[in-house]
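Contents: one structure, followed by commentary.
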Number of protein chains: 2
Amino acid sequence: MKLSRARCGQLVEGSDHGVLATVHAVRGVDAVPVCFAVEGGLLAVPIDRVKPKGSVRLQRSRNLERDPRAALLCELWDGDDWSRLWWVRVALERIPGSPEQRSSFEELLRRKYRQYEGQPFADVLVFRTTDMTGWSAGPGAAAGPA
Amino acid sequence: MKLSRARCGQLVEGSDHGVLATVHAVRGVDAVPVCFAVEGGLLAVPIDRVKPKGSVRLQRSRNLERDPRAALLCELWDGDDWSRLWWVRVALERIPGSPEQRSSFEELLRRKYRQYEGQPFADVLVFRTTDMTGWSAGPGAAAGPA
């Protein structure tokens with residue numbers, strides 16, 4: 001049921017997106033689906049110019065300027081077979097990130113998501129992973145690939 | 001891109017699960033996938049005895065006792081076709097919920113999820129919906145069914 005930290009890391013690396021939760025001054029919490037990439041204990045979430053937006057000055061960025069804590073939830077949902085379910089929650093803290101780290105993450109993101117090929121990013125939010133917790137309903141997620 | 005509140009409501013009603021974000025004293029935010037049902041401006045999340053757990057005294061319940069604010073994120077992800085993406089975020093506030101409301105939600109949950117048929121719930125968390133915000137990448141989610 002409880003997944004090891006190593007297995008949590010594998011499942012997150014194999015996930016194609018997640019839900020990013022941040023602290024909101026009035027609403028308490030915000031949540032939004034995000035693309036991401038992981039490398040060396042860091043995790044990066046792009047603010048892209050590919051998916052349509054009213055502005056690239058997004059609420060998630062404003063929340064993180066006020067409070068750098070966040071959580072990313074990756075999961076497998078299967079409405080028919082609940083024995084396959086798993087989820088991993090990554091506790092995060094936003095850090096400034098060096099120009100080298102941002103540039104390395106931009107490359108990683110373009111390799112992970114073909115939609116980003118040749119596209120400039122508006123920003124890349126860099127996070128330090130502070131913890132990882134995972135759960136699986138059956139033995140599948142604990143053993144096999146994502 | 002921005003979805004109407006009515007359309008947000010339809011998409012949430014058609015969703016088979018969501019990610020519930022709550023306020024955590026130390027980590028700032030928590031997030032966990034949940035089953036849910038909606039009725040009359042209220043939303044209910046069961047603490048079931050079907051999916052395996054170490055305890056039914058879950059972190060989400062402890063968080064909500066300390067701070068009743070939460071958010072539920074429902075979404076469609078399609079890694080190949082980003083023009084199909086949509087998400088809806090429901091801002092929630094936990095309320096005690098009357099015995100009648102809980103019992104009505106238990107019935108609804110058993111109708112929505114066949115896995116709950118004939119199963120007792122450990123608890124049903126009842127929320128008041130305080131706001132709904134939704135986004136879609138293309139015109140599909142704004143018009144068609146979930």
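By convention here, the chains of the structure tokens are called A, B, ... in the order presented, each chain's residues are numbered starting at 1, and ligands are numbered starting at 1 in the order presented.
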Using only C-alpha atoms, I'd like a table of the residues in chain A that come within 8 Å of chain B; for each, show the closest atom pair and its distance in Å rounded to one decimal, ordered by chain and ascending number, as a tab-separated table.
```
residue	atom	partner	partner_atom	distance
A:Met1	CA	B:Pro52	CA	7.3
A:Asp16	CA	B:Gly79	CA	7.1
A:Val19	CA	B:Val19	CA	7.5
A:Ala21	CA	B:Ala21	CA	6.5
A:Thr22	CA	B:Val29	CA	6.4
A:Val23	CA	B:Gly28	CA	6.3
A:Arg27	CA	B:Arg69	CA	6.7
A:Gly28	CA	B:Arg69	CA	5.8
A:Val29	CA	B:Ala70	CA	6.2
A:Asp30	CA	B:Ala71	CA	6.3
A:Ala31	CA	B:Leu73	CA	6.2
A:Val32	CA	B:Leu73	CA	6.9
A:Pro33	CA	B:Trp87	CA	7.4
A:Lys51	CA	B:Ala137	CA	6.3
A:Pro52	CA	B:Ala137	CA	6.1
A:Lys53	CA	B:Met1	CA	7.5
A:Arg69	CA	B:Gly28	CA	5.9
A:Ala70	CA	B:Val29	CA	6.2
A:Ala71	CA	B:Val29	CA	6.3
A:Leu72	CA	B:Ala31	CA	7.5
A:Leu73	CA	B:Ala31	CA	6.2
A:Glu75	CA	B:Pro33	CA	7.5
A:Gly79	CA	B:Asp16	CA	7.1
A:Trp82	CA	B:Lys51	CA	7.4
A:Trp87	CA	B:Pro33	CA	7.4
A:Arg89	CA	B:Ala31	CA	7.0
A:Ala91	CA	B:Arg27	CA	7.1
A:Ala137	CA	B:Pro52	CA	6.0
```
Could you go through segment 16-141 of chain B and tell me which residues DSSP, when run on the backbone, assigns to helix (DSSP H, G or I), listing them as a ChimeraX atom specification? /B:59-66,82-84,99-112,114-116,140-141
Can you tell me, as a ChimeraX atom specification, which residues in segment 13-47 of chain A count as strand (DSSP E or B) by DSSP? /A:18-24,28-34,37-39,42-47
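Every protein, DNA or RNA residue with an atom at most 10 Å from Asp123 of chain B, where only C-alpha atoms count and chain neighbours fewer than 3 positions away do not, is listed here: Val45, Pro46, Ile47, Asp48, Arg49, Val56, Arg57, Ser61, Arg102, Glu106, Pro120 and Val126 of chain B.
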Atom CA of Phe121 of chain B sits from atom CA of Ala44 of chain B at a separation of 12.1 Å
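Across the structure, atom CA of Arg128 of chain B and atom CA of Leu42 of chain B are spaced 4.8 Å apart.
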Could you list, as a PyMOL selection string, every residue within 10 Å of Glu117 of chain A, counting only C-alpha atoms and ignoring same-chain residues fewer than 5 positions away? chain A and resi 106-107+109-112
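Closest approach to Gln101 of chain B from the set B:Ala6, B:Ala37, B:Ala141, B:Val12 is made by B:Ala37, with distances taken over only C-alpha atoms.
Interatomic distance, atom CA of Gln119 of chain B to atom CA of Thr133 of chain A: 27.5 Å.
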